[in-house]
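Engineer: I have a structure I would like to understand better, so I am pasting it below and will then ask my questions one at a time.
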Amino acid sequence: MDNVSMGGGLKAVVYCSHTGHAKKCAELFSNRLGVPCYDIKNIKGLGRNSNIVFFGWIRANKIMGYKKAKGFFDIKLICGVGMCKGTDSIIQSLIERNDIDKPFYYVQGGVNTERLSGVYKWILNIVRFGIGKAVSQGVSPDESFDSKAQAEYEDNKELLKDIQYNRDHITDSAVEELVKYYQALK
C-alpha cells in the first residue's frame, strides 16, 4: 500500500497490546500513514500533547493504556481492538465505560491463546466454556427465531471458532477501512 498523506500534524501512532493484535493493527495503520509507531511502554521521543492515534486492547470493557495516553497526548482517534465483533451495543458500552470524547473506531482483532498466561488463560477458558455451552444450547439456523437471537447465535459460533483456532482478523482490508474512517475525520 502507498502511504497516505495525512497532514494535520499527526506525530505518531501509539499502542498498548497484550497478544499482538493491537500492535499489528497499529503498525499496519502507521505504515499506511507514514508515521512512526510506539508501544505505550516506550514513548521516548514523543513530546507531551503530541497528536497521535491510539490503539488499545480491550479487557473487561476497558481500553488498556488509554488512560495513560489520554493524560499525555492529544489523541485524534481512539481504536479499541477486541476479540468480538463490534456491535453497536459493544461500541456504545466502550465509549461510555472509557469516558471517550474523541472519535472512536472498533477493530475486531482476534484471539491468540498461545500468548496468554496465568489469569488471562484461565478467564479465556471460562469464556470458551460459556460460549460453547450457549452455542450447543442455542438456536439452530433452521429454527424460526427473531433475527437478533439468530445473529447472536452466529456471532457466538464464530467467536468460539476464533478461540479454538487462534484466528486473527487484522487484515490489510480492515486497516484500509480504518484509514478511510480517519481520513473522513479531517
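Identifiers for the C-alpha cells are assigned positionally: chains receive A, B, ... in sequence, residues are indexed from 1 per chain, and ligands are indexed from 1 in the order shown.
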Write out as a ChimeraX atom specification all residues of range 58-170 of chain A that DSSP puts in helix (DSSP H, G or I) for this structure's backbone.
Structural biologist: /A:66-72,88-97,113-115,118-137,147-165
Engineer: Please produce a file of the residues just selected, as a short mmCIF file (atom, residue, chain, number, x, y, z; two decimals), in the first residue's frame, where the atoms kept are C-alpha atoms.
Structural biologist:
```cif
data_model
loop_
_atom_site.label_atom_id
_atom_site.label_comp_id
_atom_site.auth_asym_id
_atom_site.auth_seq_id
_atom_site.Cartn_x
_atom_site.Cartn_y
_atom_site.Cartn_z
CA TYR A 66 -5.98 4.68 27.10
CA LYS A 67 -5.95 6.44 30.46
CA LYS A 68 -2.17 6.93 30.28
CA ALA A 69 -2.33 8.04 26.64
CA LYS A 70 -5.20 10.43 27.35
CA GLY A 71 -3.20 12.13 30.09
CA PHE A 72 -0.12 12.59 27.94
CA ASP A 88 -23.45 -1.14 18.34
CA SER A 89 -24.00 -2.11 21.98
CA ILE A 90 -20.34 -3.10 22.48
CA ILE A 91 -19.13 0.13 20.90
CA GLN A 92 -21.51 2.28 22.96
CA SER A 93 -20.50 0.48 26.14
CA LEU A 94 -16.79 1.03 25.41
CA ILE A 95 -17.35 4.73 24.74
CA GLU A 96 -19.28 5.16 28.00
CA ARG A 97 -17.07 2.98 30.18
CA THR A 113 -4.26 -18.34 23.31
CA GLU A 114 -0.56 -19.16 22.92
CA ARG A 115 0.37 -15.66 24.10
CA GLY A 118 -1.95 -17.07 34.13
CA VAL A 119 -5.25 -15.49 34.93
CA TYR A 120 -5.89 -14.43 31.31
CA LYS A 121 -5.67 -18.00 30.06
CA TRP A 122 -7.91 -19.15 32.91
CA ILE A 123 -10.52 -16.46 32.15
CA LEU A 124 -10.50 -17.29 28.43
CA ASN A 125 -11.11 -20.96 29.25
CA ILE A 126 -14.19 -19.93 31.27
CA VAL A 127 -15.37 -17.73 28.39
CA ARG A 128 -14.78 -20.57 25.90
CA PHE A 129 -16.78 -22.95 28.09
CA GLY A 130 -19.65 -20.46 28.45
CA ILE A 131 -19.78 -19.70 24.74
CA GLY A 132 -19.56 -23.39 23.86
CA LYS A 133 -22.46 -24.13 26.17
CA ALA A 134 -24.51 -21.26 24.70
CA VAL A 135 -23.81 -22.46 21.17
CA SER A 136 -24.70 -26.07 21.97
CA GLN A 137 -28.00 -24.95 23.55
CA SER A 147 -33.15 -12.08 13.81
CA LYS A 148 -31.38 -10.68 16.90
CA ALA A 149 -31.25 -14.11 18.59
CA GLN A 150 -30.09 -15.69 15.34
CA ALA A 151 -27.35 -13.09 14.88
CA GLU A 152 -26.15 -13.58 18.47
CA TYR A 153 -26.04 -17.34 17.93
CA GLU A 154 -23.97 -16.91 14.74
CA ASP A 155 -21.61 -14.43 16.44
CA ASN A 156 -21.09 -16.88 19.33
CA LYS A 157 -20.30 -19.69 16.89
CA GLU A 158 -17.70 -17.50 15.17
CA LEU A 159 -16.19 -16.36 18.47
CA LEU A 160 -15.89 -19.97 19.60
CA LYS A 161 -14.01 -20.76 16.36
CA ASP A 162 -11.80 -17.71 16.91
CA ILE A 163 -10.83 -19.03 20.34
CA GLN A 164 -10.39 -22.64 19.21
CA TYR A 165 -8.27 -21.78 16.16
#
```
Engineer: What's the 8 Å shell around Glu27 in chain A, counting only C-alpha atoms, without same-chain residues fewer than 4 positions away, as a PDB file with all heavy atoms, in the first residue's frame?
Structural biologist:
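part-v8.pdb written:
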```pdb
ATOM      1  N   VAL A  13       1.613   6.951  15.884  1.00  0.00           N
ATOM      2  CA  VAL A  13       0.602   6.002  16.339  1.00  0.00           C
ATOM      3  C   VAL A  13       1.176   5.357  17.598  1.00  0.00           C
ATOM      4  O   VAL A  13       2.349   4.991  17.637  1.00  0.00           O
ATOM      5  CB  VAL A  13       0.315   4.936  15.255  1.00  0.00           C
ATOM      6  CG1 VAL A  13      -0.576   3.834  15.791  1.00  0.00           C
ATOM      7  CG2 VAL A  13      -0.293   5.590  14.018  1.00  0.00           C
ATOM      8  N   LYS A  23      -1.038  -4.263  18.426  1.00  0.00           N
ATOM      9  CA  LYS A  23       0.268  -3.898  17.863  1.00  0.00           C
ATOM     10  C   LYS A  23       0.261  -4.062  16.348  1.00  0.00           C
ATOM     11  O   LYS A  23       0.687  -3.162  15.614  1.00  0.00           O
ATOM     12  CB  LYS A  23       1.365  -4.762  18.473  1.00  0.00           C
ATOM     13  CG  LYS A  23       2.733  -4.492  17.891  1.00  0.00           C
ATOM     14  CD  LYS A  23       3.791  -5.405  18.482  1.00  0.00           C
ATOM     15  CE  LYS A  23       5.145  -5.105  17.845  1.00  0.00           C
ATOM     16  NZ  LYS A  23       6.201  -5.988  18.345  1.00  0.00           N
ATOM     17  N   ASN A  31       2.220   2.399   9.135  1.00  0.00           N
ATOM     18  CA  ASN A  31       2.909   2.228   7.854  1.00  0.00           C
ATOM     19  C   ASN A  31       2.114   2.845   6.717  1.00  0.00           C
ATOM     20  O   ASN A  31       2.676   3.469   5.827  1.00  0.00           O
ATOM     21  CB  ASN A  31       3.171   0.753   7.560  1.00  0.00           C
ATOM     22  CG  ASN A  31       4.264   0.172   8.417  1.00  0.00           C
ATOM     23  OD1 ASN A  31       5.112   0.896   8.938  1.00  0.00           O
ATOM     24  ND2 ASN A  31       4.249  -1.132   8.591  1.00  0.00           N
ATOM     25  N   CYS A  37       5.482   4.360  14.874  1.00  0.00           N
ATOM     26  CA  CYS A  37       4.590   3.611  15.767  1.00  0.00           C
ATOM     27  C   CYS A  37       5.350   3.296  17.053  1.00  0.00           C
ATOM     28  O   CYS A  37       6.493   2.839  17.013  1.00  0.00           O
ATOM     29  CB  CYS A  37       4.164   2.322  15.063  1.00  0.00           C
ATOM     30  SG  CYS A  37       2.898   1.391  15.924  1.00  0.00           S
TER      31      CYS A  37
END
```
Engineer: I'd like the interatomic distance between CA of Arg167 in chain A and CA of Val111 in chain A, to a tenth of an Å.
Structural biologist: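 Taking CA of Arg167 in chain A as the start and CA of Val111 in chain A as the end point, the length is 5.8 Å.
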Engineer: Restricting the calculation to only C-alpha atoms, which member of A:Tyr15, A:Tyr38, A:Phe73, A:Phe29 is positioned closest to Gly56 in chain A?
Structural biologist: A:Tyr15
Engineer: Can you list every residue in range 23-137 of chain A that DSSP puts in strand (DSSP E or B), as a PyMOL selection string?
Structural biologist: chain A and resi 37-39+51-59+62-63+74-82+104-108+110
Engineer: Selection from above, C-alpha atoms, as a tab-separated table (two decimals), in the first residue's frame, can you write it?
Structural biologist:
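Result file follows (out-v9.tsv):
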```tsv
chain	number	residue	atom	x	y	z
A	37	CYS	CA	4.59	3.61	15.77
A	38	TYR	CA	5.33	3.36	19.50
A	39	ASP	CA	4.47	0.95	22.28
A	51	ASN	CA	-1.00	14.47	18.05
A	52	ILE	CA	-1.47	10.71	17.92
A	53	VAL	CA	-3.83	7.90	17.02
A	54	PHE	CA	-4.12	5.41	19.89
A	55	PHE	CA	-4.76	1.65	19.70
A	56	GLY	CA	-5.55	-0.32	22.85
A	57	TRP	CA	-6.54	-3.89	23.58
A	58	ILE	CA	-9.79	-4.43	25.43
A	59	ARG	CA	-10.09	-6.19	28.76
A	62	LYS	CA	-11.70	-1.25	29.37
A	63	ILE	CA	-9.35	0.01	26.66
A	74	ASP	CA	-3.60	14.88	22.10
A	75	ILE	CA	-5.46	11.85	20.74
A	76	LYS	CA	-7.12	12.36	17.36
A	77	LEU	CA	-8.64	8.87	17.13
A	78	ILE	CA	-9.03	6.03	19.63
A	79	CYS	CA	-9.09	2.47	18.30
A	80	GLY	CA	-10.27	-0.32	20.56
A	81	VAL	CA	-9.07	-3.76	19.48
A	82	GLY	CA	-11.16	-6.63	20.83
A	104	PHE	CA	-13.68	6.07	18.28
A	105	TYR	CA	-13.23	3.07	15.99
A	106	TYR	CA	-13.60	-0.59	16.96
A	107	VAL	CA	-11.44	-3.25	15.31
A	108	GLN	CA	-12.01	-6.98	15.72
A	110	GLY	CA	-8.73	-11.94	17.24
```
Engineer: Out of A:Lys102, A:Arg32, A:Lys85, A:His169, which residue has the shortest atom-to-atom distance to Ala12 in chain A when counting only C-alpha atoms?
Structural biologist: A:Arg32
Engineer: Residues near Ala174 in chain A, anyone? I mean within 10 Å using only C-alpha atoms, not counting same-chain ones fewer than 2 positions away, as a ChimeraX atom specification.
Structural biologist: /A:25,28-29,107-109,169-172,176-179
Engineer: Find the residue from A:Ser17, A:Ser117, A:Asn166, A:Gln183 that sits nearest to Ile40 in chain A; use only C-alpha atoms when measuring.
Structural biologist: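 Under the stated criterion, the closest residue is A:Ser17.
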Engineer: Between CA of Tyr181 in chain A and CA of Asn61 in chain A, measure the distance and give it in Å to one decimal.
Structural biologist: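 Answer for the CA of Tyr181 in chain A to CA of Asn61 in chain A separation: 22.4 Å.
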Engineer: Rounded to one decimal in Å, what is the spacing between CA of Ser30 in chain A and CA of Gly45 in chain A?
Structural biologist: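 CA of Ser30 in chain A sits 16.2 Å away from CA of Gly45 in chain A.
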Engineer: Hey, which of A:Cys84, A:Asn112, A:Asp99, A:Lys11 ends up closest to Gly47 in chain A? Count only C-alpha atoms.
Structural biologist: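 Using only C-alpha atoms, Gly47 in chain A sits closest to A:Lys11.
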